[in-house]
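Structure file entry25.csv (CSV, C-alpha atoms) is printed below.
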chain,number,residue,atom,x,y,z
A,43,MET,CA,30.1,88.9,122.1
A,44,ARG,CA,32.3,91.4,124.0
A,45,SER,CA,34.3,94.3,122.6
A,46,VAL,CA,32.7,94.3,119.1
A,47,ILE,CA,32.0,98.0,119.6
A,48,ASP,CA,33.8,100.3,122.0
A,49,PRO,CA,32.1,101.9,125.1
A,50,ALA,CA,31.7,105.3,123.4
A,51,THR,CA,30.1,103.8,120.4
A,52,CYS,CA,27.8,101.7,122.6
A,53,LYS,CA,26.7,104.9,124.5
A,54,ARG,CA,26.0,106.7,121.2
A,55,SER,CA,23.9,103.7,120.1
A,56,ARG,CA,21.9,103.6,123.3
A,57,ASP,CA,21.3,107.3,123.2
A,58,GLU,CA,20.0,107.0,119.6
A,59,VAL,CA,17.6,104.2,120.6
A,60,TRP,CA,16.4,106.3,123.6
A,61,ASP,CA,16.0,109.3,121.2
A,62,LEU,CA,13.8,107.2,119.0
A,63,LEU,CA,11.8,106.0,122.0
A,64,GLU,CA,11.3,109.5,123.4
A,65,ARG,CA,10.1,110.7,119.9
A,66,GLU,CA,7.7,107.8,119.5
A,67,VAL,CA,6.3,107.5,123.0
A,68,ARG,CA,4.7,110.7,124.4
A,69,GLY,CA,5.8,111.4,128.0
A,70,LEU,CA,8.6,108.8,128.1
A,71,ASP,CA,11.7,110.1,129.8
A,72,ARG,CA,14.9,107.9,129.9
A,73,HIS,CA,15.9,109.6,133.2
A,74,ASP,CA,12.5,109.1,134.9
A,75,LEU,CA,11.7,105.5,135.6
A,76,CYS,CA,8.2,106.5,136.7
A,77,THR,CA,7.5,107.2,133.0
A,78,TRP,CA,8.6,103.7,131.8
A,79,ASP,CA,5.1,102.3,132.0
A,80,ARG,CA,4.7,104.2,128.7
A,81,TRP,CA,6.6,102.2,126.1
A,82,ALA,CA,6.5,101.4,122.4
A,83,PRO,CA,3.4,99.6,121.2
A,84,LEU,CA,5.4,96.5,120.2
A,85,ALA,CA,7.0,96.1,123.6
A,86,TRP,CA,5.7,92.5,123.9
A,87,GLY,CA,8.3,91.6,121.3
A,88,GLY,CA,11.1,93.9,122.4
A,89,PHE,CA,10.7,96.3,119.5
A,90,VAL,CA,11.2,100.0,119.7
A,91,GLY,CA,8.1,100.9,117.7
A,92,ASN,CA,7.3,100.0,114.1
A,93,THR,CA,9.6,102.6,112.6
A,94,PHE,CA,12.9,102.1,110.8
A,95,ASN,CA,15.7,103.7,112.7
A,96,LEU,CA,18.0,105.4,110.3
A,97,SER,CA,20.1,107.2,112.9
A,98,PRO,CA,23.7,107.8,112.1
A,99,GLN,CA,25.3,105.6,114.8
A,100,LEU,CA,23.0,102.6,114.2
A,101,CYS,CA,23.8,102.8,110.5
A,102,ASN,CA,27.5,102.9,111.3
A,103,ASN,CA,27.2,99.9,113.6
A,104,ARG,CA,25.7,97.9,110.7
A,105,GLN,CA,28.9,98.6,108.7
A,106,GLU,CA,31.4,98.0,111.6
A,107,PRO,CA,34.0,95.5,110.5
A,108,LYS,CA,34.1,93.8,113.9
A,109,LEU,CA,30.3,93.4,113.9
A,110,HIS,CA,30.5,91.9,110.4
A,111,ALA,CA,33.2,89.5,111.6
A,112,ALA,CA,31.0,88.4,114.5
A,113,PHE,CA,28.0,87.7,112.3
A,114,ALA,CA,30.2,86.0,109.8
A,115,ALA,CA,31.4,83.7,112.5
A,116,VAL,CA,27.9,82.9,113.7
A,117,PHE,CA,26.6,82.2,110.1
A,118,GLY,CA,29.8,80.6,108.8
A,119,ARG,CA,30.0,82.9,105.7
A,120,GLN,CA,31.4,86.3,104.7
A,121,ASP,CA,28.7,87.3,102.2
A,122,LEU,CA,26.3,89.0,104.5
A,123,HIS,CA,23.8,91.7,103.6
A,124,VAL,CA,23.3,94.9,105.7
A,125,ASN,CA,19.8,96.0,106.3
A,126,ILE,CA,18.4,98.9,108.1
A,127,GLY,CA,15.7,97.9,110.5
A,128,ARG,CA,14.1,98.5,113.8
A,129,ALA,CA,15.8,98.6,117.1
A,130,GLY,CA,15.0,96.4,120.1
A,131,ALA,CA,15.0,97.3,123.8
A,132,MET,CA,13.6,95.5,126.8
A,133,ARG,CA,12.9,97.1,130.2
A,134,PRO,CA,14.2,95.4,133.3
A,135,THR,CA,11.6,93.2,135.0
A,136,ARG,CA,13.2,92.3,138.3
A,137,GLY,CA,14.6,94.6,141.0
A,138,VAL,CA,13.4,97.7,139.3
A,139,ALA,CA,14.0,100.9,141.3
A,140,ALA,CA,10.5,102.2,142.3
A,141,GLY,CA,9.2,104.6,144.8
A,142,PRO,CA,10.9,106.7,147.4
A,143,PRO,CA,14.3,105.6,149.0
A,144,GLY,CA,14.2,103.3,151.9
A,145,PRO,CA,15.3,104.3,155.5
A,146,ASP,CA,18.9,103.6,154.6
A,147,GLY,CA,18.7,105.9,151.5
A,148,SER,CA,18.9,103.0,149.0
A,149,PRO,CA,16.2,102.9,146.4
A,150,SER,CA,13.2,100.7,147.0
A,151,THR,CA,12.8,98.0,144.3
A,152,GLY,CA,10.0,95.9,142.9
A,153,ASP,CA,9.3,93.5,140.1
A,154,LYS,CA,7.5,94.5,136.9
A,155,PRO,CA,6.4,91.1,135.3
A,156,GLU,CA,4.0,93.1,133.0
A,157,TRP,CA,7.1,94.5,131.3
A,158,LYS,CA,8.3,91.0,130.1
A,159,THR,CA,8.3,90.1,126.5
A,160,LYS,CA,6.3,87.1,125.4
A,161,GLU,CA,7.7,83.8,126.3
A,162,SER,CA,10.0,82.3,123.6
A,163,ASN,CA,7.6,79.3,123.0
A,164,LYS,CA,4.9,81.9,122.1
A,165,TRP,CA,7.0,84.4,120.2
A,166,LEU,CA,10.3,84.2,118.4
A,167,HIS,CA,11.5,86.6,115.8
A,168,TRP,CA,14.7,86.1,113.8
A,169,ASP,CA,15.8,88.5,111.0
A,170,CYS,CA,17.7,85.9,109.1
A,171,ASN,CA,16.6,86.0,105.5
Entire entry expressed as C-alpha cells:
Amino acid sequence: MRSVIDPATCKRSRDEVWDLLEREVRGLDRHDLCTWDRWAPLAWGGFVGNTFNLSPQLCNNRQEPKLHAAFAAVFGRQDLHVNIGRAGAMRPTRGVAAGPPGPDGSPSTGDKPEWKTKESNKWLHWDCN
C-alpha cells in the first residue's frame, strides 16, 4: 500500500531497523555491502534478530492512523490491537553490487541465493492472532 507513511517517516523507520541490526550483528555496516554476509541469526525467516524493537519511530508507526486504516481494510474490522514485535528485513538476492567497479565504472553485480529466505511452502509466518 502506497503513501501510508511519508518518505521522511519511512527513512526514520529504515534507520531504526538498521540501528538494531548494527547493534545485534557484530561487524555489520549498512554502508558496506561487503559486511552483509553477517546478518541476524533468523535471516532465513526475514527477522531482524530475536529482539523486540521498541524504537520510537517503529512504535509511532504502529499507532499511525493511515496504517490502522490500511490494516482495518485488509481485515475488514476496526477493532485492531497494536503489538510491539520484531522487525523484518530481507537482503537483495539478485543483482547485488559486489566487487570492484567494471571497466565502465559501473559496479559489478552478482547473485546471492544464500541470502534468500525459506520458500513459502516451507516457511510462512503471519502475526494474526
Please build the interface table for stretch 55-85 of chain A against stretch 103-124 of chain A with a cut-off of 12 Å, listing for each qualifying residue the nearest atom pair and the distance in Å to one decimal; count all atoms listed in the file, order rows by chain and increasing number, and write it as a tab-separated table.
residue	atom	partner	partner_atom	distance
A:Ser55	CA	A:Asn103	CA	8.2
A:Arg56	CA	A:Asn103	CA	11.7
A:Glu58	CA	A:Asn103	CA	11.8
Quick one: everything within 7 Å of A:Gly88, counting only C-alpha atoms, minus sequence neighbours fewer than 3 positions away in the same chain. Send it as a short mmCIF file (atom, residue, chain, number, x, y, z; two decimals) with C-alpha atoms, in the frame of the given file.
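Okay, selection.cif is ready:
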data_model
loop_
_atom_site.label_atom_id
_atom_site.label_comp_id
_atom_site.auth_asym_id
_atom_site.auth_seq_id
_atom_site.Cartn_x
_atom_site.Cartn_y
_atom_site.Cartn_z
CA LEU A 84 5.40 96.50 120.20
CA ALA A 85 7.00 96.10 123.60
CA GLY A 130 15.00 96.40 120.10
CA ALA A 131 15.00 97.30 123.80
CA MET A 132 13.60 95.50 126.80
CA THR A 159 8.30 90.10 126.50
#
### Message
Just checking: using all atoms listed in the file, which residue out of A:Val90, A:Lys53, A:Trp78, A:Arg44 ends up closest to A:Arg65?
### Response
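Smallest separation from A:Arg65 among the options: A:Val90.
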### Neighbour list for A:Phe89 as a list in words, cut-off 12 Å, only C-alpha atoms, skip fewer than 3 positions in-chain
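Result of the neighbour search: Val59, Leu62, Leu63, Glu66, Trp81, Ala82, Pro83, Leu84, Ala85, Trp86, Asn92, Thr93, Phe94, Asn95, Gly127, Arg128, Ala129, Gly130, Ala131, Met132, Arg133, Thr159, Lys160 and His167 of chain A.
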### Query
atom CA of A:Leu100 to atom CA of A:Arg136: how many Å, to one decimal?
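Here the two named atoms are 28.0 Å from each other.
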### Query
Just how far from atom CA of A:Trp60 is atom CA of A:Gly91, in Å to one decimal?
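Calculated distance between atom CA of A:Gly91 and atom CA of A:Trp60 is 11.5 Å.
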### Task
Record the distance separating atom CA of A:Gln99 and atom CA of A:Arg80, expressed in Å with one decimal.
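Spanning atom CA of A:Gln99 to atom CA of A:Arg80 is a straight-line distance of 24.9 Å.
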### Task
Find the residue from A:Arg72, A:Gly144, A:Thr51, A:Lys154 that sits nearest to A:Pro98; use only C-alpha atoms when measuring.
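Looking at the shortest contact to A:Pro98, the residue is A:Thr51.
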